[in-house]
Amino acid sequence: QVQVVESGGGLVQAGGSLRLSCVASERTLSIYAMGWFRQVPGKEREFVAAISRSGIKTYYADSVKGRFTISRDNAKNTVYLQMNSLKPEDTAVYYCAAKVSIFADSITYNAGQYEHWGQGTQVTVSS
């Protein structure tokens, strides 16, 4: 069973940037489609971005489109979330998730379809 660990969170001013990393324990990260989600207290977990296991297909929530970029390096078992032009409303705990994917270009924004989750990393954007 794959384990994923997020890192890279922190405190940043509005307009700044952060890059989150998600490292997987398995050497076969390439079989997993990956996603990033976020959650604030009292609210449901929210989809942020997803990437197919091939890395060719990506999908973003409207709220982050044009500001965030998801990418992956299967050789390093790592998925990234580059976050630019951060806003206070981006403040949340960010989670990485993995889903075994039969199809190379399949992605999903449905949290319920992801099988493995990390513990999360806090991102705080000050105004």
# chains A, B, ... in the order shown; residues from 1 in each chain; ligands from 1
call {"tool": "residues_around", "arguments": {"residues": "A:Ile51", "least_positions_apart": "6", "cutoff": "8 Å", "atoms": "only C-alpha atoms", "output": "PDB file with all heavy atoms, in the first residue's frame"}}
result
ATOM      1  N   ALA A  33      -2.836   7.783 -10.512  1.00  0.00           N
ATOM      2  CA  ALA A  33      -3.258   9.153 -10.780  1.00  0.00           C
ATOM      3  C   ALA A  33      -3.192   9.879  -9.443  1.00  0.00           C
ATOM      4  O   ALA A  33      -3.457   9.291  -8.390  1.00  0.00           O
ATOM      5  CB  ALA A  33      -4.670   9.177 -11.335  1.00  0.00           C
ATOM      6  N   MET A  34      -2.842  11.162  -9.483  1.00  0.00           N
ATOM      7  CA  MET A  34      -2.610  11.901  -8.248  1.00  0.00           C
ATOM      8  C   MET A  34      -3.471  13.157  -8.191  1.00  0.00           C
ATOM      9  O   MET A  34      -3.811  13.746  -9.226  1.00  0.00           O
ATOM     10  CB  MET A  34      -1.138  12.298  -8.143  1.00  0.00           C
ATOM     11  CG  MET A  34      -0.155  11.139  -8.209  1.00  0.00           C
ATOM     12  SD  MET A  34      -0.295  10.018  -6.808  1.00  0.00           S
ATOM     13  CE  MET A  34       0.265  11.072  -5.474  1.00  0.00           C
ATOM     14  N   GLY A  35      -3.781  13.558  -6.978  1.00  0.00           N
ATOM     15  CA  GLY A  35      -4.571  14.764  -6.813  1.00  0.00           C
ATOM     16  C   GLY A  35      -4.148  15.545  -5.585  1.00  0.00           C
ATOM     17  O   GLY A  35      -3.540  14.997  -4.661  1.00  0.00           O
ATOM     18  N   LYS A  57      -2.312  14.606 -18.768  1.00  0.00           N
ATOM     19  CA  LYS A  57      -3.581  15.265 -18.481  1.00  0.00           C
ATOM     20  C   LYS A  57      -3.555  15.906 -17.088  1.00  0.00           C
ATOM     21  O   LYS A  57      -3.111  15.285 -16.124  1.00  0.00           O
ATOM     22  CB  LYS A  57      -4.724  14.249 -18.526  1.00  0.00           C
ATOM     23  CG  LYS A  57      -5.031  13.718 -19.920  1.00  0.00           C
ATOM     24  CD  LYS A  57      -5.834  14.699 -20.715  1.00  0.00           C
ATOM     25  CE  LYS A  57      -6.246  14.140 -22.065  1.00  0.00           C
ATOM     26  NZ  LYS A  57      -7.251  13.085 -21.938  1.00  0.00           N
ATOM     27  N   THR A  58      -4.024  17.147 -17.027  1.00  0.00           N
ATOM     28  CA  THR A  58      -4.180  17.827 -15.748  1.00  0.00           C
ATOM     29  C   THR A  58      -5.558  18.475 -15.683  1.00  0.00           C
ATOM     30  O   THR A  58      -6.185  18.719 -16.720  1.00  0.00           O
ATOM     31  CB  THR A  58      -3.101  18.905 -15.541  1.00  0.00           C
ATOM     32  OG1 THR A  58      -3.164  19.844 -16.613  1.00  0.00           O
ATOM     33  CG2 THR A  58      -1.711  18.295 -15.474  1.00  0.00           C
ATOM     34  N   TYR A  59      -5.989  18.756 -14.465  1.00  0.00           N
ATOM     35  CA  TYR A  59      -7.306  19.364 -14.279  1.00  0.00           C
ATOM     36  C   TYR A  59      -7.258  20.198 -13.023  1.00  0.00           C
ATOM     37  O   TYR A  59      -6.642  19.797 -12.036  1.00  0.00           O
ATOM     38  CB  TYR A  59      -8.369  18.277 -14.169  1.00  0.00           C
ATOM     39  CG  TYR A  59      -9.783  18.807 -14.138  1.00  0.00           C
ATOM     40  CD1 TYR A  59     -10.363  19.355 -15.268  1.00  0.00           C
ATOM     41  CD2 TYR A  59     -10.536  18.747 -12.969  1.00  0.00           C
ATOM     42  CE1 TYR A  59     -11.658  19.841 -15.246  1.00  0.00           C
ATOM     43  CE2 TYR A  59     -11.829  19.224 -12.930  1.00  0.00           C
ATOM     44  CZ  TYR A  59     -12.384  19.771 -14.073  1.00  0.00           C
ATOM     45  OH  TYR A  59     -13.666  20.250 -14.042  1.00  0.00           O
ATOM     46  N   ILE A  70       0.100  21.693 -11.322  1.00  0.00           N
ATOM     47  CA  ILE A  70       0.426  20.366 -10.805  1.00  0.00           C
ATOM     48  C   ILE A  70       1.365  19.685 -11.794  1.00  0.00           C
ATOM     49  O   ILE A  70       1.210  19.819 -13.013  1.00  0.00           O
ATOM     50  CB  ILE A  70      -0.845  19.527 -10.568  1.00  0.00           C
ATOM     51  CG1 ILE A  70      -0.504  18.227  -9.844  1.00  0.00           C
ATOM     52  CG2 ILE A  70      -1.607  19.277 -11.864  1.00  0.00           C
ATOM     53  CD1 ILE A  70      -1.749  17.443  -9.384  1.00  0.00           C
ATOM     54  N   SER A  71       2.339  18.962 -11.264  1.00  0.00           N
ATOM     55  CA  SER A  71       3.269  18.234 -12.123  1.00  0.00           C
ATOM     56  C   SER A  71       3.762  17.011 -11.363  1.00  0.00           C
ATOM     57  O   SER A  71       3.518  16.876 -10.162  1.00  0.00           O
ATOM     58  CB  SER A  71       4.456  19.125 -12.524  1.00  0.00           C
ATOM     59  OG  SER A  71       5.187  19.535 -11.382  1.00  0.00           O
ATOM     60  N   ARG A  72       4.448  16.134 -12.069  1.00  0.00           N
ATOM     61  CA  ARG A  72       4.942  14.935 -11.421  1.00  0.00           C
ATOM     62  C   ARG A  72       6.265  14.509 -12.024  1.00  0.00           C
ATOM     63  O   ARG A  72       6.538  14.761 -13.200  1.00  0.00           O
ATOM     64  CB  ARG A  72       3.923  13.802 -11.510  1.00  0.00           C
ATOM     65  CG  ARG A  72       3.652  13.288 -12.906  1.00  0.00           C
ATOM     66  CD  ARG A  72       2.445  12.339 -12.908  1.00  0.00           C
ATOM     67  NE  ARG A  72       2.703  11.164 -12.110  1.00  0.00           N
ATOM     68  CZ  ARG A  72       1.731  10.385 -11.611  1.00  0.00           C
ATOM     69  NH1 ARG A  72       0.468  10.688 -11.820  1.00  0.00           N
ATOM     70  NH2 ARG A  72       2.039   9.317 -10.896  1.00  0.00           N
ATOM     71  N   ILE A 107      -8.036  10.981 -15.089  1.00  0.00           N
ATOM     72  CA  ILE A 107      -7.909  11.788 -13.878  1.00  0.00           C
ATOM     73  C   ILE A 107      -9.290  11.923 -13.253  1.00  0.00           C
ATOM     74  O   ILE A 107     -10.298  11.721 -13.916  1.00  0.00           O
ATOM     75  CB  ILE A 107      -7.336  13.199 -14.157  1.00  0.00           C
ATOM     76  CG1 ILE A 107      -8.145  13.929 -15.240  1.00  0.00           C
ATOM     77  CG2 ILE A 107      -5.879  13.130 -14.542  1.00  0.00           C
ATOM     78  CD1 ILE A 107      -7.704  15.345 -15.469  1.00  0.00           C
TER      79      ILE A 107
END
call {"tool": "residues_around", "arguments": {"residues": "A:Gln82", "least_positions_apart": "5", "cutoff": "9 Å", "atoms": "only C-alpha atoms", "output": "list of chain:residue names"}}
result
A:Ser17, A:Leu18, A:Arg19, A:Leu20, A:Ser21, A:Arg67, A:Phe68, A:Thr69, A:Ile70, A:Ser71
call {"tool": "select_by_dssp", "arguments": {"residues": "chain A", "states": "strand (DSSP E)", "output": "ChimeraX atom specification"}}
result
/A:4-7,10-13,18-24,32-39,46-51,58-60,68-73,78-83,92-100,116-117,121-126
call {"tool": "write_last_selection", "arguments": {"atoms": "C-alpha atoms", "output": "mmCIF file, in the first residue's frame"}}
result
data_model
loop_
_atom_site.group_PDB
_atom_site.id
_atom_site.type_symbol
_atom_site.label_atom_id
_atom_site.label_comp_id
_atom_site.auth_asym_id
_atom_site.auth_seq_id
_atom_site.Cartn_x
_atom_site.Cartn_y
_atom_site.Cartn_z
ATOM 1 C CA VAL A 4 2.269 9.663 0.523
ATOM 2 C CA VAL A 5 3.837 12.464 2.522
ATOM 3 C CA GLU A 6 3.314 16.143 1.829
ATOM 4 C CA SER A 7 5.767 18.943 2.522
ATOM 5 C CA GLY A 10 4.137 27.412 5.403
ATOM 6 C CA LEU A 11 3.254 31.055 5.907
ATOM 7 C CA VAL A 12 3.406 33.401 2.935
ATOM 8 C CA GLN A 13 2.118 36.852 2.132
ATOM 9 C CA LEU A 18 4.891 28.112 -2.463
ATOM 10 C CA ARG A 19 5.672 24.719 -3.920
ATOM 11 C CA LEU A 20 4.202 21.681 -2.259
ATOM 12 C CA SER A 21 5.742 18.269 -2.713
ATOM 13 C CA CYS A 22 4.192 14.857 -2.273
ATOM 14 C CA VAL A 23 6.599 11.951 -2.020
ATOM 15 C CA ALA A 24 5.321 8.414 -2.413
ATOM 16 C CA TYR A 32 -1.236 6.164 -9.714
ATOM 17 C CA ALA A 33 -3.258 9.153 -10.780
ATOM 18 C CA MET A 34 -2.610 11.901 -8.248
ATOM 19 C CA GLY A 35 -4.571 14.764 -6.813
ATOM 20 C CA TRP A 36 -4.297 17.690 -4.454
ATOM 21 C CA PHE A 37 -7.150 18.695 -2.181
ATOM 22 C CA ARG A 38 -7.497 21.261 0.565
ATOM 23 C CA GLN A 39 -9.629 21.719 3.627
ATOM 24 C CA GLU A 46 -12.141 20.708 -1.717
ATOM 25 C CA PHE A 47 -10.579 19.563 -4.967
ATOM 26 C CA VAL A 48 -7.603 21.631 -6.130
ATOM 27 C CA ALA A 49 -5.805 19.832 -8.955
ATOM 28 C CA ALA A 50 -5.268 16.401 -10.471
ATOM 29 C CA ILE A 51 -2.796 14.790 -12.825
ATOM 30 C CA THR A 58 -4.180 17.827 -15.748
ATOM 31 C CA TYR A 59 -7.306 19.364 -14.279
ATOM 32 C CA TYR A 60 -7.815 22.308 -11.960
ATOM 33 C CA PHE A 68 -1.492 26.704 -9.573
ATOM 34 C CA THR A 69 0.364 24.069 -11.561
ATOM 35 C CA ILE A 70 0.426 20.366 -10.805
ATOM 36 C CA SER A 71 3.269 18.234 -12.123
ATOM 37 C CA ARG A 72 4.942 14.935 -11.421
ATOM 38 C CA ASP A 73 8.317 13.272 -11.645
ATOM 39 C CA THR A 78 7.094 12.908 -6.406
ATOM 40 C CA VAL A 79 4.149 15.094 -7.317
ATOM 41 C CA TYR A 80 4.319 18.876 -7.041
ATOM 42 C CA LEU A 81 1.878 21.709 -6.667
ATOM 43 C CA GLN A 82 3.337 25.061 -7.632
ATOM 44 C CA MET A 83 1.185 27.797 -6.151
ATOM 45 C CA ALA A 92 -6.014 25.555 4.178
ATOM 46 C CA VAL A 93 -4.481 22.192 4.933
ATOM 47 C CA TYR A 94 -3.408 20.707 1.620
ATOM 48 C CA TYR A 95 -3.619 16.963 1.064
ATOM 49 C CA CYS A 96 -2.046 14.752 -1.539
ATOM 50 C CA ALA A 97 -3.978 11.705 -2.728
ATOM 51 C CA ALA A 98 -3.255 8.700 -4.929
ATOM 52 C CA LYS A 99 -5.515 6.468 -6.972
ATOM 53 C CA VAL A 100 -4.552 3.356 -8.896
ATOM 54 C CA HIS A 116 -4.477 6.799 -0.353
ATOM 55 C CA TRP A 117 -4.080 10.093 1.467
ATOM 56 C CA THR A 121 0.530 20.308 5.100
ATOM 57 C CA GLN A 122 -0.670 23.687 6.318
ATOM 58 C CA VAL A 123 -0.618 26.653 3.959
ATOM 59 C CA THR A 124 -1.350 30.066 5.446
ATOM 60 C CA VAL A 125 -1.591 33.171 3.285
ATOM 61 C CA SER A 126 -1.601 36.483 5.116
#
call {"tool": "select_by_dssp", "arguments": {"residues": "stretch 51-97 of chain A", "states": "helix (DSSP H, G or I)", "output": "list in words"}}
result
Asn74, Ala75, Lys76, Pro88, Glu89 and Asp90 of chain A
call {"tool": "write_last_selection", "arguments": {"atoms": "N, CA and C atoms", "output": "PDB file, in the first residue's frame"}}
result
ATOM      1  N   ASN A  74       7.880  10.924 -12.002  1.00  0.00           N
ATOM      2  CA  ASN A  74       7.722   9.536 -11.579  1.00  0.00           C
ATOM      3  C   ASN A  74       9.062   8.907 -11.186  1.00  0.00           C
ATOM      4  N   ALA A  75      10.133   9.368 -11.782  1.00  0.00           N
ATOM      5  CA  ALA A  75      11.454   8.829 -11.433  1.00  0.00           C
ATOM      6  C   ALA A  75      11.824   9.159  -9.989  1.00  0.00           C
ATOM      7  N   LYS A  76      11.280  10.267  -9.491  1.00  0.00           N
ATOM      8  CA  LYS A  76      11.540  10.684  -8.112  1.00  0.00           C
ATOM      9  C   LYS A  76      10.372  10.361  -7.181  1.00  0.00           C
ATOM     10  N   PRO A  88      -5.399  35.040   0.419  1.00  0.00           N
ATOM     11  CA  PRO A  88      -5.782  34.583   1.766  1.00  0.00           C
ATOM     12  C   PRO A  88      -6.780  33.435   1.740  1.00  0.00           C
ATOM     13  N   GLU A  89      -7.644  33.413   0.745  1.00  0.00           N
ATOM     14  CA  GLU A  89      -8.630  32.336   0.662  1.00  0.00           C
ATOM     15  C   GLU A  89      -8.016  31.002   0.253  1.00  0.00           C
ATOM     16  N   ASP A  90      -6.741  30.982  -0.079  1.00  0.00           N
ATOM     17  CA  ASP A  90      -6.045  29.717  -0.350  1.00  0.00           C
ATOM     18  C   ASP A  90      -5.572  29.058   0.951  1.00  0.00           C
TER      19      ASP A  90
END
call {"tool": "closest_residue", "arguments": {"among": "A:Leu29, A:Ala14, A:Ile56, A:Val2", "to": "A:Ser106", "atoms": "only C-alpha atoms"}}
result
A:Ile56
call {"tool": "closest_residue", "arguments": {"among": "A:Gly9, A:Gly55, A:Gly42, A:Ala61", "to": "A:Asn110", "atoms": "only C-alpha atoms"}}
result
A:Ala61
call {"tool": "decode", "arguments": {"residues": "stretch 65-93 of chain A", "atoms": "N, CA and C atoms", "output": "compact mmCIF listing (two decimals), in the first residue's frame"}}
result
# COMPACT_ATOMS: atom_id res chain seq x y z
N LYS A 65 -7.21 27.90 -11.16
CA LYS A 65 -6.77 27.83 -12.55
C LYS A 65 -5.99 29.08 -12.93
N GLY A 66 -4.85 28.87 -13.57
CA GLY A 66 -4.01 30.00 -13.96
C GLY A 66 -3.03 30.43 -12.89
N ARG A 67 -3.20 29.94 -11.67
CA ARG A 67 -2.29 30.30 -10.57
C ARG A 67 -1.51 29.09 -10.06
N PHE A 68 -2.13 27.93 -10.08
CA PHE A 68 -1.49 26.70 -9.57
C PHE A 68 -1.13 25.80 -10.74
N THR A 69 -0.05 25.05 -10.55
CA THR A 69 0.36 24.07 -11.56
C THR A 69 0.73 22.76 -10.88
N ILE A 70 0.10 21.69 -11.32
CA ILE A 70 0.43 20.37 -10.81
C ILE A 70 1.37 19.68 -11.79
N SER A 71 2.34 18.96 -11.26
CA SER A 71 3.27 18.23 -12.12
C SER A 71 3.76 17.01 -11.36
N ARG A 72 4.45 16.13 -12.07
CA ARG A 72 4.94 14.94 -11.42
C ARG A 72 6.27 14.51 -12.02
N ASP A 73 7.06 13.86 -11.20
CA ASP A 73 8.32 13.27 -11.64
C ASP A 73 8.29 11.84 -11.14
N ASN A 74 7.88 10.92 -12.00
CA ASN A 74 7.72 9.54 -11.58
C ASN A 74 9.06 8.91 -11.19
N ALA A 75 10.13 9.37 -11.78
CA ALA A 75 11.45 8.83 -11.43
C ALA A 75 11.82 9.16 -9.99
N LYS A 76 11.28 10.27 -9.49
CA LYS A 76 11.54 10.68 -8.11
C LYS A 76 10.37 10.36 -7.18
N ASN A 77 9.36 9.68 -7.72
CA ASN A 77 8.17 9.33 -6.92
C ASN A 77 7.55 10.55 -6.27
N THR A 78 7.52 11.65 -6.99
CA THR A 78 7.09 12.91 -6.41
C THR A 78 6.10 13.64 -7.30
N VAL A 79 5.11 14.22 -6.66
CA VAL A 79 4.15 15.09 -7.32
C VAL A 79 4.29 16.48 -6.68
N TYR A 80 4.15 17.51 -7.51
CA TYR A 80 4.32 18.88 -7.04
C TYR A 80 3.05 19.69 -7.26
N LEU A 81 2.92 20.71 -6.44
CA LEU A 81 1.88 21.71 -6.67
C LEU A 81 2.54 23.07 -6.51
N GLN A 82 2.78 23.72 -7.64
CA GLN A 82 3.34 25.06 -7.63
C GLN A 82 2.20 26.05 -7.48
N MET A 83 2.27 26.86 -6.44
CA MET A 83 1.19 27.80 -6.15
C MET A 83 1.73 29.22 -6.24
N ASN A 84 1.21 29.97 -7.19
CA ASN A 84 1.62 31.35 -7.40
C ASN A 84 0.45 32.29 -7.13
N SER A 85 0.76 33.56 -6.96
CA SER A 85 -0.27 34.59 -6.74
C SER A 85 -1.24 34.15 -5.64
N LEU A 86 -0.69 33.70 -4.55
CA LEU A 86 -1.52 33.17 -3.48
C LEU A 86 -2.41 34.24 -2.86
N LYS A 87 -3.58 33.80 -2.45
CA LYS A 87 -4.59 34.67 -1.85
C LYS A 87 -4.91 34.17 -0.45
N PRO A 88 -5.40 35.04 0.42
CA PRO A 88 -5.78 34.58 1.77
C PRO A 88 -6.78 33.44 1.74
N GLU A 89 -7.64 33.41 0.75
CA GLU A 89 -8.63 32.34 0.66
C GLU A 89 -8.02 31.00 0.25
N ASP A 90 -6.74 30.98 -0.08
CA ASP A 90 -6.04 29.72 -0.35
C ASP A 90 -5.57 29.06 0.95
N THR A 91 -5.72 29.76 2.07
CA THR A 91 -5.31 29.19 3.36
C THR A 91 -6.10 27.93 3.66
N ALA A 92 -5.38 26.85 3.93
CA ALA A 92 -6.01 25.55 4.18
C ALA A 92 -4.93 24.53 4.48
N VAL A 93 -5.37 23.35 4.90
CA VAL A 93 -4.48 22.19 4.93
C VAL A 93 -4.58 21.52 3.57
